[in-house]
>>> print(open('query-v8.pdb').read())   # PDB, C-alpha atoms
ATOM      1  CA  MET A  21       9.720  10.270 -25.017  1.00  0.00           C
ATOM      2  CA  ASN A  22       7.768   7.083 -24.211  1.00  0.00           C
ATOM      3  CA  ARG A  23      10.562   4.974 -25.681  1.00  0.00           C
ATOM      4  CA  PHE A  24      13.125   6.782 -23.523  1.00  0.00           C
ATOM      5  CA  LEU A  25      11.027   6.234 -20.386  1.00  0.00           C
ATOM      6  CA  ASN A  26      10.525   2.551 -21.209  1.00  0.00           C
ATOM      7  CA  GLN A  27      14.271   2.064 -21.757  1.00  0.00           C
ATOM      8  CA  THR A  28      15.054   3.905 -18.540  1.00  0.00           C
ATOM      9  CA  ARG A  29      12.595   1.743 -16.596  1.00  0.00           C
ATOM     10  CA  TYR A  30      14.083  -1.398 -18.166  1.00  0.00           C
ATOM     11  CA  TYR A  31      17.642  -0.479 -17.227  1.00  0.00           C
ATOM     12  CA  LEU A  32      16.596   0.615 -13.738  1.00  0.00           C
ATOM     13  CA  ALA A  33      14.776  -2.699 -13.183  1.00  0.00           C
ATOM     14  CA  ALA A  34      17.783  -4.652 -14.481  1.00  0.00           C
ATOM     15  CA  PHE A  35      20.080  -2.694 -12.164  1.00  0.00           C
ATOM     16  CA  ILE A  36      17.867  -3.309  -9.137  1.00  0.00           C
ATOM     17  CA  LEU A  37      17.603  -7.032  -9.923  1.00  0.00           C
ATOM     18  CA  SER A  38      21.351  -7.336 -10.374  1.00  0.00           C
ATOM     19  CA  MET A  39      21.955  -5.576  -7.064  1.00  0.00           C
ATOM     20  CA  GLY A  40      19.624  -8.046  -5.363  1.00  0.00           C
ATOM     21  CA  ALA A  41      21.519 -10.989  -6.844  1.00  0.00           C
ATOM     22  CA  GLY A  42      24.769  -9.448  -5.629  1.00  0.00           C
ATOM     23  CA  SER A  43      23.367  -9.111  -2.131  1.00  0.00           C
ATOM     24  CA  PHE A  44      22.376 -12.771  -2.156  1.00  0.00           C
ATOM     25  CA  THR A  45      25.902 -13.756  -3.205  1.00  0.00           C
ATOM     26  CA  ALA A  46      27.452 -11.720  -0.415  1.00  0.00           C
ATOM     27  CA  GLN A  47      25.205 -13.360   2.175  1.00  0.00           C
ATOM     28  CA  ALA A  48      25.128 -16.906   0.793  1.00  0.00           C
ATOM     29  CA  SER A  49      27.615 -18.186   3.348  1.00  0.00           C
ATOM     30  CA  ASP A  50      25.370 -17.210   6.277  1.00  0.00           C
ATOM     31  CA  SER A  51      23.863 -20.455   7.639  1.00  0.00           C
ATOM     32  CA  ALA A  52      20.696 -18.613   8.687  1.00  0.00           C
ATOM     33  CA  LEU A  53      19.801 -18.318   4.997  1.00  0.00           C
ATOM     34  CA  ASN A  54      19.088 -22.046   4.971  1.00  0.00           C
ATOM     35  CA  ASP A  55      16.676 -21.964   7.914  1.00  0.00           C
ATOM     36  CA  TRP A  56      13.264 -22.738   6.482  1.00  0.00           C
ATOM     37  CA  PRO A  57      10.109 -21.693   8.348  1.00  0.00           C
ATOM     38  CA  ASP A  58       8.842 -24.283  10.815  1.00  0.00           C
ATOM     39  CA  GLN A  59       5.190 -24.077   9.858  1.00  0.00           C
ATOM     40  CA  GLY A  60       3.252 -23.791   6.639  1.00  0.00           C
ATOM     41  CA  TRP A  61       6.007 -25.207   4.434  1.00  0.00           C
ATOM     42  CA  THR A  62       7.163 -28.530   3.083  1.00  0.00           C
ATOM     43  CA  VAL A  63      10.920 -28.764   2.466  1.00  0.00           C
ATOM     44  CA  ILE A  64      12.395 -31.939   0.988  1.00  0.00           C
ATOM     45  CA  SER A  65      16.044 -32.651   0.274  1.00  0.00           C
ATOM     46  CA  ALA A  66      16.336 -34.728  -2.893  1.00  0.00           C
ATOM     47  CA  GLU A  67      19.163 -37.066  -3.814  1.00  0.00           C
ATOM     48  CA  LYS A  68      19.339 -35.678  -7.330  1.00  0.00           C
ATOM     49  CA  ASP A  69      21.122 -32.721  -8.832  1.00  0.00           C
ATOM     50  CA  TYR A  70      19.489 -29.329  -9.289  1.00  0.00           C
ATOM     51  CA  ALA A  71      18.833 -29.640 -13.040  1.00  0.00           C
ATOM     52  CA  THR A  72      17.321 -33.116 -12.667  1.00  0.00           C
ATOM     53  CA  LEU A  73      15.063 -32.021  -9.810  1.00  0.00           C
ATOM     54  CA  LEU A  74      13.919 -29.024 -11.834  1.00  0.00           C
ATOM     55  CA  ASP A  75      13.109 -31.236 -14.845  1.00  0.00           C
ATOM     56  CA  ASP A  76      11.363 -33.800 -12.630  1.00  0.00           C
ATOM     57  CA  LEU A  77       9.315 -31.021 -11.023  1.00  0.00           C
ATOM     58  CA  ARG A  78       8.136 -29.797 -14.423  1.00  0.00           C
ATOM     59  CA  ASP A  79       7.157 -33.359 -15.374  1.00  0.00           C
ATOM     60  CA  ALA A  80       5.327 -33.879 -12.065  1.00  0.00           C
ATOM     61  CA  VAL A  81       3.393 -30.635 -12.530  1.00  0.00           C
ATOM     62  CA  GLU A  82       2.242 -31.751 -15.974  1.00  0.00           C
ATOM     63  CA  ASP A  83       1.393 -35.260 -14.720  1.00  0.00           C
ATOM     64  CA  ALA A  84      -0.789 -33.677 -12.001  1.00  0.00           C
ATOM     65  CA  GLY A  85      -2.796 -31.754 -14.581  1.00  0.00           C
ATOM     66  CA  MET A  86      -1.382 -28.415 -13.493  1.00  0.00           C
ATOM     67  CA  ALA A  87       0.651 -25.914 -15.527  1.00  0.00           C
ATOM     68  CA  VAL A  88       3.957 -24.144 -15.042  1.00  0.00           C
ATOM     69  CA  VAL A  89       2.966 -20.525 -15.632  1.00  0.00           C
ATOM     70  CA  THR A  90       6.077 -18.666 -14.405  1.00  0.00           C
ATOM     71  CA  GLU A  91       9.732 -19.352 -13.731  1.00  0.00           C
ATOM     72  CA  ALA A  92      12.276 -17.012 -12.225  1.00  0.00           C
ATOM     73  CA  GLY A  93      15.676 -17.256 -10.614  1.00  0.00           C
ATOM     74  CA  PRO A  94      18.851 -15.211 -10.345  1.00  0.00           C
ATOM     75  CA  THR A  95      21.337 -17.976 -11.196  1.00  0.00           C
ATOM     76  CA  GLU A  96      21.567 -17.419 -14.962  1.00  0.00           C
ATOM     77  CA  ALA A  97      21.531 -13.621 -14.666  1.00  0.00           C
ATOM     78  CA  ALA A  98      24.267 -13.786 -12.023  1.00  0.00           C
ATOM     79  CA  THR A  99      26.356 -15.981 -14.318  1.00  0.00           C
ATOM     80  CA  GLN A 100      26.016 -13.416 -17.113  1.00  0.00           C
ATOM     81  CA  ARG A 101      27.397 -10.840 -14.675  1.00  0.00           C
ATOM     82  CA  GLY A 102      30.355 -13.062 -13.787  1.00  0.00           C
ATOM     83  CA  GLU A 103      28.898 -14.131 -10.432  1.00  0.00           C
ATOM     84  CA  THR A 104      28.542 -17.715  -9.263  1.00  0.00           C
ATOM     85  CA  ILE A 105      25.695 -18.700  -6.970  1.00  0.00           C
ATOM     86  CA  PRO A 106      24.007 -22.038  -6.338  1.00  0.00           C
ATOM     87  CA  GLY A 107      21.174 -22.891  -8.687  1.00  0.00           C
ATOM     88  CA  ASN A 108      17.778 -21.699  -7.569  1.00  0.00           C
ATOM     89  CA  ARG A 109      14.501 -21.291  -9.349  1.00  0.00           C
ATOM     90  CA  VAL A 110      10.994 -20.332  -8.344  1.00  0.00           C
ATOM     91  CA  VAL A 111       8.406 -22.206 -10.404  1.00  0.00           C
ATOM     92  CA  GLY A 112       4.875 -20.782 -10.442  1.00  0.00           C
ATOM     93  CA  VAL A 113       2.194 -23.449 -10.823  1.00  0.00           C
ATOM     94  CA  PHE A 114      -1.535 -23.022 -11.280  1.00  0.00           C
ATOM     95  CA  ARG A 115      -4.594 -23.983 -13.304  1.00  0.00           C
ATOM     96  CA  ASN A 116      -7.358 -21.811 -14.716  1.00  0.00           C
ATOM     97  CA  ASP A 117     -10.278 -23.562 -13.008  1.00  0.00           C
ATOM     98  CA  PHE A 118      -8.691 -22.779  -9.640  1.00  0.00           C
ATOM     99  CA  ALA A 119      -8.224 -19.164 -10.731  1.00  0.00           C
ATOM    100  CA  VAL A 120     -11.901 -18.848 -11.631  1.00  0.00           C
ATOM    101  CA  THR A 121     -13.015 -20.385  -8.331  1.00  0.00           C
ATOM    102  CA  ILE A 122     -10.727 -18.145  -6.324  1.00  0.00           C
ATOM    103  CA  ILE A 123     -11.713 -14.941  -8.137  1.00  0.00           C
ATOM    104  CA  ARG A 124     -15.381 -15.736  -7.595  1.00  0.00           C
ATOM    105  CA  GLU A 125     -14.734 -16.160  -3.869  1.00  0.00           C
ATOM    106  CA  SER A 126     -12.108 -13.474  -3.212  1.00  0.00           C
ATOM    107  CA  VAL A 127     -10.619 -11.102  -5.759  1.00  0.00           C
ATOM    108  CA  PRO A 128      -7.761 -10.135  -3.390  1.00  0.00           C
ATOM    109  CA  ALA A 129      -6.792 -13.808  -2.961  1.00  0.00           C
ATOM    110  CA  MET A 130      -5.661 -13.989  -6.588  1.00  0.00           C
ATOM    111  CA  ILE A 131      -2.539 -12.008  -5.661  1.00  0.00           C
ATOM    112  CA  GLU A 132      -1.262 -15.339  -4.322  1.00  0.00           C
ATOM    113  CA  ALA A 133      -1.473 -17.070  -7.707  1.00  0.00           C
ATOM    114  CA  PRO A 134       0.431 -18.748  -9.099  1.00  0.00           C
ATOM    115  CA  LEU A 135       1.491 -20.824  -6.139  1.00  0.00           C
ATOM    116  CA  ARG A 136       5.194 -21.529  -6.159  1.00  0.00           C
ATOM    117  CA  PHE A 137       7.705 -24.294  -5.773  1.00  0.00           C
ATOM    118  CA  TYR A 138      11.286 -23.354  -4.949  1.00  0.00           C
ATOM    119  CA  VAL A 139      14.174 -25.507  -6.184  1.00  0.00           C
ATOM    120  CA  THR A 140      17.581 -24.825  -4.622  1.00  0.00           C
ATOM    121  CA  GLU A 141      20.927 -26.452  -5.302  1.00  0.00           C
ATOM    122  CA  GLU A 142      22.617 -27.970  -2.260  1.00  0.00           C
ATOM    123  CA  ASP A 143      25.678 -29.410  -3.987  1.00  0.00           C
ATOM    124  CA  ALA A 144      26.529 -31.212  -7.227  1.00  0.00           C
ATOM    125  CA  GLU A 145      24.468 -34.262  -6.251  1.00  0.00           C
ATOM    126  CA  SER A 146      21.529 -32.903  -4.263  1.00  0.00           C
ATOM    127  CA  ALA A 147      18.909 -30.181  -4.289  1.00  0.00           C
ATOM    128  CA  THR A 148      15.969 -29.038  -2.188  1.00  0.00           C
ATOM    129  CA  LEU A 149      12.340 -28.698  -3.185  1.00  0.00           C
ATOM    130  CA  ALA A 150      10.230 -26.396  -1.021  1.00  0.00           C
ATOM    131  CA  TRP A 151       6.764 -24.882  -1.141  1.00  0.00           C
ATOM    132  CA  LYS A 152       4.314 -23.031   1.033  1.00  0.00           C
ATOM    133  CA  HIS A 153       1.165 -25.017   1.717  1.00  0.00           C
ATOM    134  CA  PRO A 154      -1.661 -23.616  -0.427  1.00  0.00           C
ATOM    135  CA  ASN A 155      -4.036 -23.774   2.537  1.00  0.00           C
ATOM    136  CA  ASP A 156      -1.687 -21.514   4.507  1.00  0.00           C
ATOM    137  CA  VAL A 157      -1.180 -19.180   1.548  1.00  0.00           C
ATOM    138  CA  PHE A 158      -4.931 -18.656   1.140  1.00  0.00           C
ATOM    139  CA  ALA A 159      -5.789 -18.718   4.868  1.00  0.00           C
ATOM    140  CA  PRO A 160      -6.036 -14.915   5.197  1.00  0.00           C
ATOM    141  CA  TYR A 161      -8.818 -14.885   2.600  1.00  0.00           C
ATOM    142  CA  ILE A 162     -10.851 -17.836   3.869  1.00  0.00           C
ATOM    143  CA  THR A 163     -13.998 -16.948   5.806  1.00  0.00           C
ATOM    144  CA  GLU A 164     -17.418 -18.459   6.359  1.00  0.00           C
ATOM    145  CA  HIS A 165     -18.384 -16.655   3.120  1.00  0.00           C
ATOM    146  CA  THR A 166     -15.679 -18.334   0.994  1.00  0.00           C
ATOM    147  CA  PRO A 167     -16.270 -22.090   1.255  1.00  0.00           C
ATOM    148  CA  ASP A 168     -15.224 -22.740  -2.345  1.00  0.00           C
ATOM    149  CA  LEU A 169     -11.915 -20.984  -1.705  1.00  0.00           C
ATOM    150  CA  ALA A 170     -11.367 -23.172   1.360  1.00  0.00           C
ATOM    151  CA  ASN A 171     -12.127 -26.291  -0.697  1.00  0.00           C
ATOM    152  CA  ALA A 172      -9.808 -25.170  -3.514  1.00  0.00           C
ATOM    153  CA  ALA A 173      -6.987 -24.519  -1.039  1.00  0.00           C
ATOM    154  CA  GLN A 174      -7.391 -27.985   0.480  1.00  0.00           C
ATOM    155  CA  GLU A 175      -7.449 -29.583  -2.970  1.00  0.00           C
ATOM    156  CA  LEU A 176      -4.330 -27.644  -3.939  1.00  0.00           C
ATOM    157  CA  ASP A 177      -2.591 -28.878  -0.764  1.00  0.00           C
ATOM    158  CA  VAL A 178      -3.156 -32.463  -1.918  1.00  0.00           C
ATOM    159  CA  ILE A 179      -2.053 -31.715  -5.489  1.00  0.00           C
ATOM    160  CA  PHE A 180       1.098 -29.886  -4.376  1.00  0.00           C
ATOM    161  CA  GLN A 181       2.061 -32.718  -2.039  1.00  0.00           C
ATOM    162  CA  ARG A 182       1.582 -35.216  -4.880  1.00  0.00           C
ATOM    163  CA  ILE A 183       3.694 -33.064  -7.213  1.00  0.00           C
ATOM    164  CA  GLY A 184       6.416 -32.686  -4.577  1.00  0.00           C
ATOM    165  CA  ASP A 185       6.513 -36.399  -3.761  1.00  0.00           C
ATOM    166  CA  SER A 186       6.717 -37.271  -7.444  1.00  0.00           C
ATOM    167  CA  ALA A 187       9.437 -34.721  -8.185  1.00  0.00           C
ATOM    168  CA  VAL A 188      11.780 -35.888  -5.418  1.00  0.00           C
ATOM    169  CA  ALA A 189      11.195 -39.614  -5.964  1.00  0.00           C
ATOM    170  CA  PRO A 190      14.295 -41.503  -7.144  1.00  0.00           C
TER
END
>>> encode(input="query-v8.pdb", output="structure tokens")
Amino acid sequence: MNRFLNQTRYYLAAFILSMGAGSFTAQASDSALNDWPDQGWTVISAEKDYATLLDDLRDAVEDAGMAVVTEAGPTEAATQRGETIPGNRVVGVFRNDFAVTIIRESVPAMIEAPLRFYVTEEDAESATLAWKHPNDVFAPYITEHTPDLANAAQELDVIFQRIGDSAVAP
């Protein structure tokens, strides 16, 4: 019975994810989808193709002493379903010492980890790198009782900017 339930959950999750990718495809032509938030984000258009930007991001993360801990994106799954959408990938980046600091300051704040970069294909020769500023991500958890969390968020802001600048550099 457990095996049946696990298989059912798997197929249900796959169905839901595929429906989400289909919805994205149907709406991809809407220009509002490319409107990034005005505050709390950095968005950089890079003069390099999607795959190169993704590889350069991974290298920049490693060079900054951070780790890629998750990757997700609907592009490959959509292709397997016969759909074509621009390349996009969410890359989760973090480091254990930051996790320990954050947990010691605010257990709920760890829901925000890993912090993410978002790589999106613009066309065959350019892509966009975007991320939410770590300080803004952790702001709801920062109080006068969480100074180490505030310091970690500020340090992560600097690290993420360095990673972003390195990844988009020619």
>>> atom_distance(input="query-v8.pdb", atom1="atom CA of A:Gly85", atom2="atom CA of A:Lys68")
23.6 Å
>>> atom_distance(input="query-v8.pdb", atom1="atom CA of A:Ile162", atom2="atom CA of A:Ala133")
14.9 Å
>>> resolve_selection(input="query-v8.pdb", expression="the PyMOL selection byres ((chain A and resi 134-144) around 8)", output="JSON, numbers by chain")
{"A": [69, 70, 73, 74, 89, 90, 106, 107, 108, 109, 110, 111, 112, 113, 114, 132, 133, 145, 146, 147, 148, 149, 150, 151, 152, 154]}
>>> atom_distance(input="query-v8.pdb", atom1="atom CA of A:Ala119", atom2="atom CA of A:Ile183")
18.6 Å
>>> axis_aligned_box(input="query-v8.pdb", around="stretch 143-158 of chain A", padding_each_side="5 Å", output="AutoDock Vina command-line options")
--center_x 10.8 --center_y -26.5 --center_z -1.4 --size_x 41.5 --size_y 25.6 --size_z 21.7
>>> resolve_selection(input="query-v8.pdb", expression="the PyMOL selection byres ((chain A and resi 115-118) around 7)", output="JSON, numbers by chain")
{"A": [86, 87, 114, 119, 120, 121, 122, 172]}
>>> closest_residue(input="query-v8.pdb", among="A:Thr95, A:Gln100, A:Thr166, A:Asn155", to="A:Arg124", atoms="all atoms listed in the file")
A:Thr166
>>> resolve_selection(input="query-v8.pdb", expression="the PyMOL selection byres ((chain A and resi 61) around 10)", output="PyMOL selection string")
chain A and resi 56-60+62-64+150-154+156-157
>>> write_last_selection(input="query-v8.pdb", atoms="C-alpha atoms", output="PDB file, in the coordinates of the input")
ATOM      1  CA  TRP A  56      13.264 -22.738   6.482  1.00  0.00           C
ATOM      2  CA  PRO A  57      10.109 -21.693   8.348  1.00  0.00           C
ATOM      3  CA  ASP A  58       8.842 -24.283  10.815  1.00  0.00           C
ATOM      4  CA  GLN A  59       5.190 -24.077   9.858  1.00  0.00           C
ATOM      5  CA  GLY A  60       3.252 -23.791   6.639  1.00  0.00           C
ATOM      6  CA  THR A  62       7.163 -28.530   3.083  1.00  0.00           C
ATOM      7  CA  VAL A  63      10.920 -28.764   2.466  1.00  0.00           C
ATOM      8  CA  ILE A  64      12.395 -31.939   0.988  1.00  0.00           C
ATOM      9  CA  ALA A 150      10.230 -26.396  -1.021  1.00  0.00           C
ATOM     10  CA  TRP A 151       6.764 -24.882  -1.141  1.00  0.00           C
ATOM     11  CA  LYS A 152       4.314 -23.031   1.033  1.00  0.00           C
ATOM     12  CA  HIS A 153       1.165 -25.017   1.717  1.00  0.00           C
ATOM     13  CA  PRO A 154      -1.661 -23.616  -0.427  1.00  0.00           C
ATOM     14  CA  ASP A 156      -1.687 -21.514   4.507  1.00  0.00           C
ATOM     15  CA  VAL A 157      -1.180 -19.180   1.548  1.00  0.00           C
TER      16      VAL A 157
END
